[in-house]
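Enquirer: Have a look at this one before I ask anything.
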Amino acid sequence: MTFATMSIPTDIQLQRNVHDELHWEPTVDATKIGVAVTDGVVTLTGAVSNFFEKWEAEAAAKRVYGVKALANDIEIRLLGDGRRDDTDIARAAAEALAWNASVPRDRVKVVVSDGWLTLDGEVDLRYQKEAAENAVRCLYGVKGVSNQISVRRKITATDIKTRIEEAFLRSAILDAGRIRVETDGSRVTLRGEVRSWAERREAERTAWAAPGVSHVEAHISVTLPFG
């Protein structure tokens, strides 16, 4: 079946497809996760033993064609060896950041409260901010991550806009003509319509990859055009 002939899945079909994708993802125990769908909006429920599995379940659901939006209501229940006090988590997070070559040394601070980890500081590029979060997401005892690291780099708004639009045109995934890029200093706003949640995420990822971007707001709706 080609993309042009794909039909809009019903809520029942979408529920089945998301469920199958969760089973397909090796890092997720799909037997612990419930899937509900209403008008293309997916809600994940259940309980897992760590934040990484919750994050991977969300990523898997967003990959499925037909998902317009997603609510991740999965709970994290730390059992046995998964339990760590805040001091242990903070120490492990600091070491993980120090050993990650993509994270600038002494530029990121860690605060832990009841298992919830907050990253703060300032880096030059978006990928460094993402690398810091990726470094701590899999640690034992982490219930969630708030990434408050700011991205700072001197570059004009016009240059940012041009680079993002050029990247959209190069992309094999995105339909560049359906997305409009607006810039205000280092802040980027994306507007338009895309064909899937995955395409929306790719547009955001591409915008964040541009040097100098400190904030991306995606006012992009997911429209399923095929009947």
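So you can find residues: chains in the structure tokens are A, B, ... in the order shown, residues in each start at 1, and ligands are numbered from 1 in order.
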Please, which residues of stretch 45-201 of chain A, numbered as in this document, come out strand (DSSP E or B) from DSSP, as a PyMOL selection string?
Expert: chain A and resi 45-48+69-72+75-76+108-113+116-123+144-147+150-151+179-184+187-194
Enquirer: Could you take the residues named above and write them with C-alpha atoms, as an mmCIF file, in the first residue's frame?
Expert:
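Ended up saving to result13.cif:
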data_model
loop_
_atom_site.group_PDB
_atom_site.id
_atom_site.type_symbol
_atom_site.label_atom_id
_atom_site.label_comp_id
_atom_site.auth_asym_id
_atom_site.auth_seq_id
_atom_site.Cartn_x
_atom_site.Cartn_y
_atom_site.Cartn_z
ATOM 1 C CA THR A 45 -2.375 4.504 31.041
ATOM 2 C CA GLY A 46 -0.855 1.892 33.325
ATOM 3 C CA ALA A 47 2.318 1.689 35.371
ATOM 4 C CA VAL A 48 5.980 1.074 34.528
ATOM 5 C CA ALA A 69 -2.426 14.125 19.935
ATOM 6 C CA LEU A 70 -1.336 12.088 22.921
ATOM 7 C CA ALA A 71 -1.814 12.148 26.699
ATOM 8 C CA ASN A 72 0.725 10.113 28.642
ATOM 9 C CA GLU A 75 2.517 6.103 36.278
ATOM 10 C CA ILE A 76 6.028 5.280 37.467
ATOM 11 C CA VAL A 108 24.717 22.136 33.537
ATOM 12 C CA LYS A 109 23.422 21.924 37.102
ATOM 13 C CA VAL A 110 21.247 19.151 38.545
ATOM 14 C CA VAL A 111 18.531 19.422 41.200
ATOM 15 C CA VAL A 112 16.623 16.355 42.422
ATOM 16 C CA SER A 113 13.411 16.412 44.440
ATOM 17 C CA TRP A 116 12.187 14.272 39.814
ATOM 18 C CA LEU A 117 15.312 15.633 38.142
ATOM 19 C CA THR A 118 15.654 19.246 36.950
ATOM 20 C CA LEU A 119 18.449 20.336 34.611
ATOM 21 C CA ASP A 120 19.465 23.996 34.542
ATOM 22 C CA GLY A 121 22.268 25.998 32.973
ATOM 23 C CA GLU A 122 23.277 27.354 29.581
ATOM 24 C CA VAL A 123 24.710 25.690 26.461
ATOM 25 C CA GLY A 144 10.819 12.443 35.449
ATOM 26 C CA VAL A 145 13.068 15.089 33.899
ATOM 27 C CA SER A 146 12.486 18.843 33.543
ATOM 28 C CA ASN A 147 14.967 20.246 31.047
ATOM 29 C CA SER A 150 18.779 27.503 27.926
ATOM 30 C CA VAL A 151 20.422 27.663 24.500
ATOM 31 C CA ILE A 179 4.861 24.712 7.159
ATOM 32 C CA ARG A 180 5.566 28.406 7.725
ATOM 33 C CA VAL A 181 8.557 29.559 9.790
ATOM 34 C CA GLU A 182 8.405 32.739 11.893
ATOM 35 C CA THR A 183 11.272 34.081 13.993
ATOM 36 C CA ASP A 184 11.514 36.621 16.785
ATOM 37 C CA ARG A 187 12.532 32.164 19.210
ATOM 38 C CA VAL A 188 10.921 30.168 16.393
ATOM 39 C CA THR A 189 7.225 29.624 15.696
ATOM 40 C CA LEU A 190 6.075 26.967 13.232
ATOM 41 C CA ARG A 191 2.597 27.149 11.696
ATOM 42 C CA GLY A 192 0.740 24.959 9.241
ATOM 43 C CA GLU A 193 -0.581 21.436 8.772
ATOM 44 C CA VAL A 194 1.144 18.066 8.474
#
Enquirer: Could you pull the residues within 7 Å of stretch 201-210 of chain A, counting only C-alpha atoms, minus those fewer than 5 positions along the same chain, as number ranges by chain?
Expert: A: 126-127, 160, 163-164, 167, 216, 218
Enquirer: Which neighbours of stretch 21-24 of chain A fall inside 9 Å, counting only C-alpha atoms, when residues of the same chain fewer than 3 positions from it are skipped, and could you give them as a short mmCIF file (atom, residue, chain, number, x, y, z; two decimals) with N, CA and C atoms, in the first residue's frame?
Expert:
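Contents of part.cif, freshly written:
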data_model
loop_
_atom_site.label_atom_id
_atom_site.label_comp_id
_atom_site.auth_asym_id
_atom_site.auth_seq_id
_atom_site.Cartn_x
_atom_site.Cartn_y
_atom_site.Cartn_z
N ARG A 16 -5.65 -0.41 18.05
CA ARG A 16 -4.95 -1.66 17.76
C ARG A 16 -3.54 -1.39 17.25
N ASN A 17 -3.40 -0.38 16.38
CA ASN A 17 -2.09 -0.07 15.81
C ASN A 17 -1.10 0.43 16.87
N VAL A 18 -1.60 1.28 17.77
CA VAL A 18 -0.74 1.78 18.86
C VAL A 18 -0.34 0.62 19.76
N THR A 27 11.93 -1.96 24.27
CA THR A 27 12.20 -1.36 25.57
C THR A 27 10.94 -1.17 26.41
N VAL A 28 9.79 -1.57 25.86
CA VAL A 28 8.51 -1.35 26.53
C VAL A 28 7.83 -2.68 26.82
N ASP A 29 7.31 -2.83 28.04
CA ASP A 29 6.47 -3.99 28.38
C ASP A 29 5.02 -3.58 28.13
N ALA A 30 4.54 -3.89 26.93
CA ALA A 30 3.21 -3.42 26.51
C ALA A 30 2.09 -4.03 27.34
N THR A 31 2.34 -5.13 28.03
CA THR A 31 1.29 -5.76 28.84
C THR A 31 0.91 -4.89 30.03
N ILE A 33 0.59 -1.54 29.81
CA ILE A 33 0.12 -0.24 29.31
C ILE A 33 -1.22 -0.37 28.61
N GLU A 56 9.76 6.00 26.30
CA GLU A 56 9.80 5.17 25.09
C GLU A 56 8.39 4.77 24.63
N ALA A 57 7.48 4.54 25.58
CA ALA A 57 6.10 4.22 25.22
C ALA A 57 5.45 5.39 24.51
N ALA A 60 6.87 5.64 20.98
CA ALA A 60 6.33 4.59 20.12
C ALA A 60 4.93 4.95 19.63
N ALA A 61 4.09 5.45 20.54
CA ALA A 61 2.72 5.80 20.16
C ALA A 61 2.70 6.95 19.14
N ARG A 63 4.72 7.49 16.85
CA ARG A 63 5.16 7.03 15.52
C ARG A 63 4.01 6.51 14.67
N VAL A 64 2.89 6.22 15.28
CA VAL A 64 1.78 5.56 14.58
C VAL A 64 0.99 6.56 13.74
#
Enquirer: Looking only at the backbone, which of the residues in stretch 3-223 of chain A does DSSP tag as helix (DSSP H, G or I), as JSON, numbers by chain?
Expert: {"A": [3, 4, 5, 11, 12, 13, 14, 15, 16, 17, 18, 19, 20, 21, 22, 23, 24, 30, 31, 32, 51, 52, 53, 54, 55, 56, 57, 58, 59, 60, 61, 62, 80, 81, 82, 86, 87, 88, 89, 90, 91, 92, 93, 94, 95, 96, 97, 98, 126, 127, 128, 129, 130, 131, 132, 133, 134, 135, 136, 137, 157, 158, 159, 160, 161, 162, 163, 164, 165, 166, 167, 168, 169, 170, 176, 177, 178, 197, 198, 199, 200, 201, 202, 203, 204, 205, 206, 207, 208]}
Enquirer: Tell me which of A:Glu53, A:Asp88, A:Glu199, A:Glu130 sits closest to A:Ala176, counting only C-alpha atoms.
Expert: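 For A:Ala176, the nearest of the given residues is A:Glu199.
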Enquirer: Using only C-alpha atoms, which of A:Asp124, A:Asp39, A:Glu133, A:Glu25 sits nearest A:Phe51?
Expert: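 Looking at the shortest contact to A:Phe51, the residue is A:Glu133.
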